[in-house]
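Asks: File protein27.csv below, CSV, C-alpha atoms:
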```
chain,number,residue,atom,x,y,z
H,130,MET,CA,0.0,0.0,0.0
H,131,THR,CA,1.3,3.4,-1.0
H,132,PRO,CA,2.0,6.1,1.5
H,133,TYR,CA,-0.9,8.1,0.0
H,134,ALA,CA,-3.3,5.2,0.5
H,135,LEU,CA,-2.2,4.8,4.1
H,136,ALA,CA,-2.7,8.5,4.7
H,137,LEU,CA,-6.2,8.5,3.2
H,138,LEU,CA,-7.1,5.4,5.3
H,139,GLY,CA,-5.9,7.2,8.4
H,140,LEU,CA,-7.9,10.3,7.6
H,141,VAL,CA,-11.1,8.3,7.0
H,142,PHE,CA,-10.5,6.2,10.2
H,143,GLY,CA,-9.9,9.4,12.2
H,144,ALA,CA,-13.0,11.1,10.8
H,145,GLY,CA,-15.1,8.0,11.6
H,146,LEU,CA,-13.8,8.0,15.2
H,147,GLY,CA,-14.6,11.7,15.5
H,148,ALA,CA,-18.1,11.3,14.1
H,149,LEU,CA,-18.7,8.4,16.5
H,150,ALA,CA,-17.5,10.5,19.4
H,151,VAL,CA,-19.8,13.4,18.3
H,152,TRP,CA,-22.7,11.0,17.9
H,153,LEU,CA,-22.2,9.4,21.3
H,154,GLY,CA,-21.9,12.9,22.8
H,155,ILE,CA,-25.1,14.0,21.2
H,156,ARG,CA,-26.9,10.8,22.2
H,157,HIS,CA,-25.7,11.2,25.8
H,158,ALA,CA,-26.8,14.9,25.9
H,159,THR,CA,-30.2,13.9,24.4
H,160,ALA,CA,-30.6,11.1,27.0
H,161,GLU,CA,-29.7,13.5,29.8
H,162,ALA,CA,-32.1,16.1,28.5
H,163,ALA,CA,-34.8,13.5,28.2
H,164,SER,CA,-34.1,12.3,31.7
H,165,GLN,CA,-34.3,15.9,33.0
H,166,ILE,CA,-37.7,16.3,31.2
H,167,VAL,CA,-39.0,13.1,32.6
H,168,SER,CA,-37.8,14.2,36.1
H,169,ARG,CA,-39.6,17.5,35.7
H,170,GLN,CA,-42.7,15.8,34.6
H,171,HIS,CA,-42.6,13.4,37.6
H,172,LEU,CA,-42.0,16.3,39.9
H,173,GLY,CA,-44.9,18.2,38.4
H,174,GLU,CA,-47.2,15.1,38.8
H,175,ILE,CA,-46.1,14.8,42.5
H,176,ILE,CA,-46.6,18.5,43.3
H,177,ALA,CA,-49.7,19.3,41.3
H,178,PRO,CA,-52.4,17.6,43.6
H,179,LEU,CA,-51.0,19.1,46.8
H,180,HIS,CA,-53.4,21.2,48.8
H,181,ALA,CA,-50.7,23.7,49.7
H,182,ALA,CA,-49.3,26.3,47.3
H,183,VAL,CA,-45.9,24.7,46.3
H,184,ALA,CA,-43.4,25.7,43.6
H,185,VAL,CA,-39.9,24.6,42.7
H,186,VAL,CA,-37.8,27.4,41.3
H,187,THR,CA,-34.4,27.1,39.5
H,188,ASP,CA,-31.4,29.3,40.1
H,189,GLY,CA,-32.6,31.2,37.1
H,190,ASP,CA,-35.9,32.1,38.7
H,191,VAL,CA,-37.8,29.7,36.4
H,192,VAL,CA,-40.7,27.7,38.0
H,193,ILE,CA,-40.3,24.1,36.8
H,194,ALA,CA,-43.1,22.6,38.9
H,195,ALA,CA,-46.0,24.0,40.8
H,196,SER,CA,-49.2,22.7,42.5
H,197,THR,CA,-52.6,23.5,41.1
H,198,PHE,CA,-53.4,25.6,44.2
H,199,ALA,CA,-50.2,27.7,43.7
H,200,LYS,CA,-51.4,28.6,40.2
H,201,ALA,CA,-55.0,29.2,41.3
H,202,CYS,CA,-54.1,31.6,44.2
H,203,GLY,CA,-51.6,33.6,42.1
H,204,LEU,CA,-48.4,32.4,43.8
H,205,VAL,CA,-47.2,31.2,40.3
H,206,ARG,CA,-48.0,32.9,37.1
H,207,GLY,CA,-46.8,31.0,34.0
H,208,SER,CA,-43.2,30.0,34.7
H,209,SER,CA,-42.5,32.8,37.2
H,210,LEU,CA,-43.4,33.6,40.8
H,211,GLY,CA,-46.3,36.1,40.9
H,212,PRO,CA,-46.2,38.3,44.0
H,213,SER,CA,-43.2,40.7,44.3
H,214,ASP,CA,-43.1,39.9,48.1
H,215,VAL,CA,-42.4,36.2,47.3
H,216,VAL,CA,-39.7,37.2,44.8
H,217,ALA,CA,-38.1,39.3,47.5
H,218,MET,CA,-38.2,36.4,49.9
H,219,LEU,CA,-36.5,34.2,47.3
H,220,THR,CA,-33.6,36.8,46.9
H,221,GLU,CA,-33.3,37.1,50.7
H,222,SER,CA,-33.2,33.3,51.1
H,223,ARG,CA,-30.5,32.8,48.5
H,224,ALA,CA,-28.3,35.6,50.0
H,225,ALA,CA,-28.7,34.3,53.5
H,226,GLY,CA,-28.4,30.6,52.6
H,227,ARG,CA,-31.3,29.7,54.8
H,228,ALA,CA,-35.1,29.4,54.9
H,229,VAL,CA,-37.2,32.5,55.1
H,230,GLU,CA,-40.7,32.6,56.5
H,231,ARG,CA,-43.4,35.3,56.2
H,232,ASP,CA,-47.2,35.7,56.3
H,233,LEU,CA,-48.6,37.2,53.1
H,234,ARG,CA,-52.0,38.1,51.9
H,235,LEU,CA,-52.4,37.5,48.2
H,236,PRO,CA,-55.0,39.8,46.5
H,237,PRO,CA,-58.1,38.2,44.8
H,238,GLY,CA,-57.7,37.1,41.2
H,239,PRO,CA,-60.1,36.7,38.3
H,240,ALA,CA,-61.3,33.3,39.6
H,241,SER,CA,-60.0,33.2,43.2
H,242,PRO,CA,-60.7,35.1,46.4
H,243,ALA,CA,-58.0,36.7,48.5
H,244,VAL,CA,-55.8,34.2,50.3
H,245,GLN,CA,-53.8,34.4,53.5
H,246,LEU,CA,-50.6,32.3,53.2
H,247,ALA,CA,-47.9,31.3,55.6
H,248,VAL,CA,-45.0,31.3,53.0
H,249,ARG,CA,-41.7,29.5,53.6
H,250,VAL,CA,-38.9,29.7,51.0
H,251,VAL,CA,-36.2,27.0,51.4
H,252,PRO,CA,-33.0,26.8,49.3
H,253,ILE,CA,-31.8,23.3,48.3
H,254,SER,CA,-28.4,21.9,47.5
H,255,ASN,CA,-28.6,22.0,43.7
H,256,GLY,CA,-29.2,25.7,43.6
H,257,SER,CA,-33.0,25.4,43.2
H,258,THR,CA,-35.5,26.7,45.8
H,259,VAL,CA,-38.7,25.3,47.1
H,260,VAL,CA,-41.5,27.8,47.9
H,261,VAL,CA,-44.3,26.5,50.2
H,262,GLY,CA,-47.4,28.5,51.0
H,263,GLU,CA,-49.8,27.1,53.6
H,264,ASP,CA,-53.4,28.4,53.3
H,265,ARG,CA,-54.3,30.1,56.6
H,266,SER,CA,-57.5,31.8,55.2
H,267,ALA,CA,-59.8,29.5,57.1
H,268,ASP,CA,-57.9,30.1,60.4
H,269,LEU,CA,-58.1,33.8,59.8
H,270,ARG,CA,-61.8,33.7,59.1
H,271,PHE,CA,-62.4,31.6,62.2
H,272,SER,CA,-60.5,34.1,64.3
H,273,GLU,CA,-62.4,37.0,62.8
H,274,THR,CA,-65.7,35.3,63.3
H,275,ARG,CA,-64.9,34.4,66.9
H,276,ARG,CA,-63.9,38.0,67.6
H,277,ASP,CA,-67.1,39.4,66.0
H,278,PHE,CA,-69.2,36.8,67.8
H,279,VAL,CA,-67.8,37.9,71.2
H,280,ALA,CA,-68.3,41.5,70.3
H,281,ASN,CA,-71.8,40.9,69.1
H,282,ILE,CA,-72.8,38.9,72.2
H,283,THR,CA,-71.5,41.7,74.4
H,284,HIS,CA,-73.5,44.3,72.5
H,285,GLU,CA,-76.7,42.2,72.3
H,286,LEU,CA,-76.6,41.3,76.0
H,287,LYS,CA,-76.0,44.9,77.1
H,288,THR,CA,-79.2,46.0,75.5
H,289,PRO,CA,-81.8,43.9,77.4
H,290,ILE,CA,-79.7,44.0,80.6
H,291,GLY,CA,-79.5,47.8,80.5
H,292,ALA,CA,-83.3,48.0,79.8
H,293,ILE,CA,-84.1,45.6,82.7
H,294,THR,CA,-81.9,47.8,85.0
H,295,LEU,CA,-83.7,51.0,84.0
H,296,LEU,CA,-87.2,49.5,84.1
H,297,ALA,CA,-86.5,48.1,87.6
H,298,GLU,CA,-85.3,51.5,88.8
H,299,ALA,CA,-88.3,53.2,87.2
H,300,ALA,CA,-90.7,50.8,88.8
H,301,ASP,CA,-89.1,51.3,92.2
H,302,ALA,CA,-89.3,55.1,91.8
H,303,ALA,CA,-93.0,54.9,90.8
H,304,ALA,CA,-93.9,52.8,93.9
H,305,GLY,CA,-96.7,55.2,94.7
H,306,ASP,CA,-98.3,54.9,91.3
H,307,PRO,CA,-99.8,51.4,90.7
H,308,ASP,CA,-100.6,52.0,87.0
H,309,ALA,CA,-97.0,53.1,86.3
H,310,VAL,CA,-95.6,50.2,88.2
H,311,HIS,CA,-97.9,47.8,86.3
H,312,THR,CA,-96.7,49.4,83.0
H,313,PHE,CA,-93.0,49.1,83.9
H,314,LEU,CA,-93.4,45.5,85.1
H,315,GLY,CA,-95.0,44.6,81.8
H,316,LYS,CA,-92.0,46.0,79.9
H,317,LEU,CA,-89.7,44.4,82.4
H,318,SER,CA,-91.2,41.0,81.7
H,319,LYS,CA,-90.9,41.5,78.0
H,320,GLU,CA,-87.2,42.4,78.2
H,321,THR,CA,-86.6,39.4,80.6
H,322,SER,CA,-88.2,37.1,78.1
H,323,ARG,CA,-86.1,38.5,75.3
H,324,LEU,CA,-82.9,38.1,77.4
H,325,ASN,CA,-83.9,34.5,78.1
H,326,GLU,CA,-84.5,33.8,74.5
H,327,LEU,CA,-81.2,35.3,73.5
H,328,VAL,CA,-79.2,33.3,76.0
H,329,SER,CA,-81.1,30.1,75.0
H,330,GLN,CA,-80.2,30.6,71.3
H,331,ILE,CA,-76.6,31.4,72.1
H,332,ILE,CA,-76.4,28.1,74.0
H,333,ALA,CA,-78.1,26.3,71.2
H,334,LEU,CA,-75.8,27.7,68.5
H,335,SER,CA,-72.7,26.9,70.7
H,336,ARG,CA,-73.9,23.3,71.1
H,337,LEU,CA,-74.5,22.9,67.4
H,338,GLN,CA,-70.9,24.0,66.7
H,339,ALA,CA,-69.5,21.8,69.4
H,340,GLU,CA,-71.5,18.6,68.9
H,341,ASN,CA,-72.3,16.3,66.0
H,342,PRO,CA,-76.1,15.5,66.1
H,343,MET,CA,-75.6,12.6,63.7
H,344,LEU,CA,-73.7,10.6,66.3
H,345,ALA,CA,-77.0,9.8,68.0
H,346,ALA,CA,-79.2,10.2,64.8
H,347,HIS,CA,-82.3,8.2,64.2
H,348,GLU,CA,-85.1,8.2,61.6
H,349,VAL,CA,-87.3,11.2,61.9
H,350,ASP,CA,-90.9,11.6,60.5
H,351,VAL,CA,-90.9,15.0,58.6
H,352,THR,CA,-94.6,15.5,59.0
H,353,GLU,CA,-94.4,15.2,62.8
H,354,VAL,CA,-91.6,17.8,62.8
H,355,LEU,CA,-93.6,20.2,60.7
H,356,GLU,CA,-96.8,19.8,62.7
H,357,ALA,CA,-94.9,20.4,66.0
H,358,SER,CA,-93.2,23.5,64.6
H,359,VAL,CA,-96.5,25.0,63.3
H,360,ALA,CA,-98.2,24.3,66.6
H,361,ARG,CA,-95.5,26.2,68.4
H,362,CYS,CA,-96.0,29.2,66.1
H,363,ARG,CA,-99.8,29.2,65.9
H,364,ALA,CA,-100.3,31.6,68.8
H,365,ILE,CA,-97.9,34.3,67.5
H,366,ALA,CA,-99.4,33.9,64.0
H,367,GLU,CA,-102.9,34.5,65.3
H,368,ALA,CA,-101.7,37.4,67.4
H,369,GLY,CA,-100.3,39.0,64.3
H,370,GLU,CA,-103.3,38.1,62.2
H,371,ILE,CA,-101.2,35.9,60.0
H,372,MET,CA,-102.8,32.9,58.2
H,373,LEU,CA,-100.7,29.8,58.8
H,374,SER,CA,-101.2,26.7,56.6
H,375,MET,CA,-99.5,23.3,55.9
H,376,ASN,CA,-99.3,21.1,52.8
H,377,VAL,CA,-97.1,18.1,53.5
H,378,GLN,CA,-96.2,14.9,51.5
H,379,ALA,CA,-96.9,12.0,53.8
H,380,GLY,CA,-94.3,9.3,54.5
H,381,LEU,CA,-91.2,11.5,54.2
H,382,ARG,CA,-88.3,10.6,56.6
H,383,VAL,CA,-84.8,11.9,57.2
H,384,VAL,CA,-82.1,10.8,59.6
H,385,GLY,CA,-81.1,13.1,62.3
H,386,ASP,CA,-82.1,14.9,65.5
H,387,ALA,CA,-85.9,15.6,65.7
H,388,ASP,CA,-85.5,18.3,68.3
H,389,GLU,CA,-82.9,20.3,66.3
H,390,LEU,CA,-84.9,19.9,63.1
H,391,GLU,CA,-88.0,21.2,64.8
H,392,THR,CA,-86.0,24.1,66.1
H,393,ALA,CA,-84.8,24.9,62.6
H,394,VAL,CA,-88.3,24.8,61.1
H,395,THR,CA,-89.8,26.8,64.0
H,396,ASN,CA,-87.2,29.5,63.5
H,397,LEU,CA,-88.1,29.7,59.8
H,398,VAL,CA,-91.8,30.0,60.6
H,399,GLN,CA,-91.3,32.6,63.3
H,400,ASN,CA,-89.1,34.6,61.0
H,401,ALA,CA,-91.8,34.5,58.3
H,402,VAL,CA,-94.5,35.6,60.7
H,403,ALA,CA,-92.3,38.4,62.2
H,404,TYR,CA,-91.7,40.0,58.7
H,405,SER,CA,-95.3,39.7,57.5
H,406,GLU,CA,-98.1,42.3,57.7
H,407,PRO,CA,-101.5,41.5,59.2
H,408,GLY,CA,-103.6,39.5,56.8
H,409,ALA,CA,-100.6,37.9,55.1
H,410,ARG,CA,-100.1,34.1,54.6
H,411,VAL,CA,-97.3,31.8,55.7
H,412,ALA,CA,-97.3,28.3,54.1
H,413,VAL,CA,-95.3,25.3,55.3
H,414,SER,CA,-94.8,22.4,52.9
H,415,SER,CA,-92.7,19.4,52.2
H,416,ARG,CA,-91.9,17.1,49.2
H,417,ALA,CA,-89.3,14.6,48.0
H,418,VAL,CA,-87.1,15.7,45.1
H,419,GLY,CA,-84.2,13.6,43.7
H,420,GLY,CA,-83.3,11.8,46.9
H,421,GLN,CA,-83.8,14.9,49.1
H,422,VAL,CA,-86.6,16.2,51.3
H,423,GLU,CA,-87.4,19.8,50.7
H,424,ILE,CA,-89.1,21.7,53.5
H,425,ARG,CA,-90.4,25.1,52.4
H,426,VAL,CA,-91.6,28.1,54.4
H,427,SER,CA,-93.1,30.7,52.2
H,428,ASP,CA,-94.7,34.1,53.0
H,429,ASN,CA,-96.0,37.1,51.1
H,430,GLY,CA,-94.4,39.6,53.5
H,431,ILE,CA,-92.1,42.5,53.0
H,432,GLY,CA,-89.4,40.5,51.2
H,433,ILE,CA,-85.6,40.7,51.5
H,434,SER,CA,-83.2,42.8,49.3
H,435,GLY,CA,-80.4,41.1,47.3
H,436,ALA,CA,-77.7,42.7,49.6
H,437,ASP,CA,-79.4,41.4,52.7
H,438,GLN,CA,-79.9,37.9,51.3
H,439,ALA,CA,-76.1,37.5,51.1
H,440,ARG,CA,-75.9,38.1,54.9
H,441,ILE,CA,-79.1,36.9,56.5
H,442,PHE,CA,-77.5,33.6,57.8
H,443,GLU,CA,-74.8,35.5,59.7
H,444,ARG,CA,-75.0,35.6,63.5
H,445,PHE,CA,-77.0,38.6,64.8
H,446,TYR,CA,-77.6,40.0,61.3
H,447,ARG,CA,-81.1,41.6,61.0
H,448,VAL,CA,-82.8,42.8,57.9
H,449,ASP,CA,-84.8,45.3,60.0
H,450,ALA,CA,-83.2,45.6,63.4
H,451,ASP,CA,-86.1,47.6,65.0
H,452,ARG,CA,-88.7,45.3,63.7
H,453,SER,CA,-86.7,42.2,64.8
H,454,ARG,CA,-86.3,43.5,68.3
H,455,ALA,CA,-90.0,44.5,68.5
H,456,SER,CA,-91.0,40.9,67.7
H,457,GLY,CA,-88.5,39.4,70.1
H,458,GLY,CA,-86.0,38.4,67.5
H,459,THR,CA,-82.4,37.8,68.4
H,460,GLY,CA,-80.7,37.7,65.0
H,461,LEU,CA,-79.6,34.1,65.6
H,462,GLY,CA,-82.5,32.2,64.2
H,463,LEU,CA,-81.3,31.8,60.6
H,464,SER,CA,-77.8,31.1,61.7
H,465,ILE,CA,-79.1,28.2,63.8
H,466,VAL,CA,-81.1,27.0,60.7
H,467,LYS,CA,-77.9,27.0,58.6
H,468,HIS,CA,-75.9,25.1,61.2
H,469,VAL,CA,-78.7,22.5,61.7
H,470,ALA,CA,-78.9,22.0,57.9
H,471,GLN,CA,-75.1,21.6,57.5
H,472,ALA,CA,-75.0,19.2,60.5
H,473,HIS,CA,-77.6,17.0,58.8
H,474,GLY,CA,-75.7,16.9,55.5
H,475,GLY,CA,-78.1,19.4,53.9
H,476,GLU,CA,-78.4,23.1,53.1
H,477,VAL,CA,-80.8,26.1,53.4
H,478,ALA,CA,-81.5,28.5,50.5
H,479,VAL,CA,-83.6,31.6,50.2
H,480,TRP,CA,-85.6,33.2,47.3
H,481,SER,CA,-87.0,36.7,47.9
H,482,ARG,CA,-88.2,39.8,46.2
H,483,LEU,CA,-89.0,43.1,48.0
H,484,GLY,CA,-92.7,43.6,48.3
H,485,GLN,CA,-93.4,40.0,47.1
H,486,GLY,CA,-92.4,37.8,50.0
H,487,SER,CA,-89.8,35.1,50.7
H,488,THR,CA,-89.3,31.4,50.5
H,489,PHE,CA,-86.8,29.5,52.6
H,490,THR,CA,-86.0,26.0,51.5
H,491,LEU,CA,-84.4,23.5,53.8
H,492,ARG,CA,-83.0,20.5,51.9
H,493,LEU,CA,-82.1,17.3,53.7
H,494,PRO,CA,-81.0,13.8,52.5
H,495,GLU,CA,-84.0,11.5,52.4
H,496,SER,CA,-83.7,8.4,54.6
H,497,GLN,CA,-83.0,5.4,52.4
H,498,GLU,CA,-85.2,3.2,54.6
H,499,GLY,CA,-88.0,5.7,54.4
H,500,ALA,CA,-87.6,6.4,50.7
H,501,ARG,CA,-90.5,5.5,48.4
H,502,VAL,CA,-90.0,2.5,46.1
```
What is this structure when it is put down as structure tokens?

Replies:
Amino acid sequence: MTPYALALLGLVFGAGLGALAVWLGIRHATAEAASQIVSRQHLGEIIAPLHAAVAVVTDGDVVIAASTFAKACGLVRGSSLGPSDVVAMLTESRAAGRAVERDLRLPPGPASPAVQLAVRVVPISNGSTVVVGEDRSADLRFSETRRDFVANITHELKTPIGAITLLAEAADAAAGDPDAVHTFLGKLSKETSRLNELVSQIIALSRLQAENPMLAAHEVDVTEVLEASVARCRAIAEAGEIMLSMNVQAGLRVVGDADELETAVTNLVQNAVAYSEPGARVAVSSRAVGGQVEIRVSDNGIGISGADQARIFERFYRVDADRSRASGGTGLGLSIVKHVAQAHGGEVAVWSRLGQGSTFTLRLPESQEGARV
């Protein structure tokens, strides 16, 4: 073989080895990239269903994986962290080389309400960072509700207690005038009854929130509950010249606490009577619809505005405070109805128009043993 042939053969052999090396390098890089993609996919699949707001951020500030909640609440937007406060925490964590914690309130988004998060930013060894936001919104709402509840109780109790004190003093001062004493004692009795009702409903509401009535549940005849509730309200309806009627579907049964269900229906009927004018009608009915029992209390009274409908199930909220107090209302009746419904696996809804009346519907799961075949 000539020297030229040997040289050419060496060139071809060298080029082949170079091409092989390049091909192997490309294949290795492709495999590594594919492995990285698969790892990111697996990471995303692991993080996505978490209830917390979780995001994994590279050293280049790119979010490579995030939970669904992190995207929904606005912690992550696309491939970046959304809130500037969280970005600042990320910078601080990297500079300090340690975890950084802070409570942040994220503003409401197009499809999500405002969220209170306990955010923790933790750097990890490969240069990436994990951001974890624990939703504390429910805890915050509970604290606010408890604070408002205590403030409302204090205010509501002061009113009848103050009135009782003044009336007692007035009656004592008018000891020489029997008619005045009689008048003051009548008002005193009314305020005492109101205070007793208020305390009783506060206790009832507290018990509903602390106990589960379904632990000692039994099958309840709906007709018996409605008859007992209407009987309890008959006297106040007649006193207000309100026509009270019933139209029940026989044989309906639910599982729960009969006393609490009777209390809920009684509160709805009393509420309907209190907000109706003389000559109005209040109708109580029941029927089975799609595996549920619907109990309806309808009136053609003054009605409820849309703004009030959004708040009527709150504790101590009154559509017409003066009218409610005059009728002995405490502002807790509808809140008790809501809690009874929820404790029995149901719900309460309202339809109303100003000047046309209102319909409150209590929906409860129908007993499978009592369900019609």

Asks: Counting only C-alpha atoms, note down every residue that has an atom within 8 Å of the point (-86.7, 14.1, 50.3) (file coordinates), as a list in words.

Replies: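 Residues found, by chain and rising number: Leu381, Arg382, Val383, Arg416, Ala417, Val418, Gly419, Gly420, Gln421, Val422, Glu423, Arg492, Leu493, Pro494, Glu495, Ser496 and Ala500 of chain H.
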
Asks: Give as a PyMOL selection string each residue that has an atom at most 12 Å from (-38.3, 35.0, 46.4) in the file, counting only C-alpha atoms.

Replies: chain H and resi 184-192+204-205+209-225+228-231+248-252+257-261

Asks: With distances taken over only C-alpha atoms, which of H:Ala470, H:Val426, H:Ile176, H:Val328 is nearest to Leu373 of chain H?

Replies: H:Val426

Asks: So how many Å separate atom CA of Glu353 of chain H and atom CA of Phe489 of chain H, to one decimal?

Replies: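 Calculated distance between atom CA of Glu353 of chain H and atom CA of Phe489 of chain H is 19.1 Å.
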
Asks: To one decimal place in Å, what is the distance between atom CA of Ala472 of chain H and atom CA of Phe445 of chain H?

Replies: 20.0 Å

Asks: Do you have the atom CA of Ile332 of chain H-atom CA of Leu397 of chain H distance handy?

Replies: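 Calculated distance between atom CA of Ile332 of chain H and atom CA of Leu397 of chain H is 18.5 Å.
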
Asks: Please report as a Markdown table every residue of segment 298-370 of chain H lying within 10 Å of segment 409-414 of chain H, along with the nearest atom pair and their distance in Å (one decimal), using all atoms listed in the file.

Replies:
```
| residue | atom | partner | partner_atom | distance |
| --- | --- | --- | --- | --- |
| H:Thr352 | CA | H:Ser414 | CA | 9.2 |
| H:Leu355 | CA | H:Val413 | CA | 7.6 |
| H:Glu356 | CA | H:Val413 | CA | 9.3 |
| H:Ser358 | CA | H:Val413 | CA | 9.7 |
| H:Val359 | CA | H:Val413 | CA | 8.1 |
| H:Ala366 | CA | H:Val411 | CA | 8.8 |
| H:Gly369 | CA | H:Ala409 | CA | 9.3 |
| H:Glu370 | CA | H:Ala409 | CA | 7.6 |
```

Asks: Could you tell me which of H:Ser434, H:Thr321, H:Ser254, H:Thr197 comes closest to Ala292 of chain H if we count all atoms listed in the file?

Replies: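 Closest candidate: H:Thr321.
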
Asks: For Glu391 of chain H, list every protein, DNA or RNA residue within 12 Å, evaluated using all atoms listed in the file, and leave out those in the same chain fewer than 4 positions away; present the list as a ChimeraX atom specification.

Replies: /H:349-362,385-387,395-399,424,465-466,469-470,491

Asks: Go through H:Leu246, H:Val477, H:Ala199, H:Leu483 and flag the residue nearest Ser266 of chain H, using all atoms listed in the file for the distances.

Replies: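 Answer, going by the shortest atom-to-atom distance: H:Leu246.
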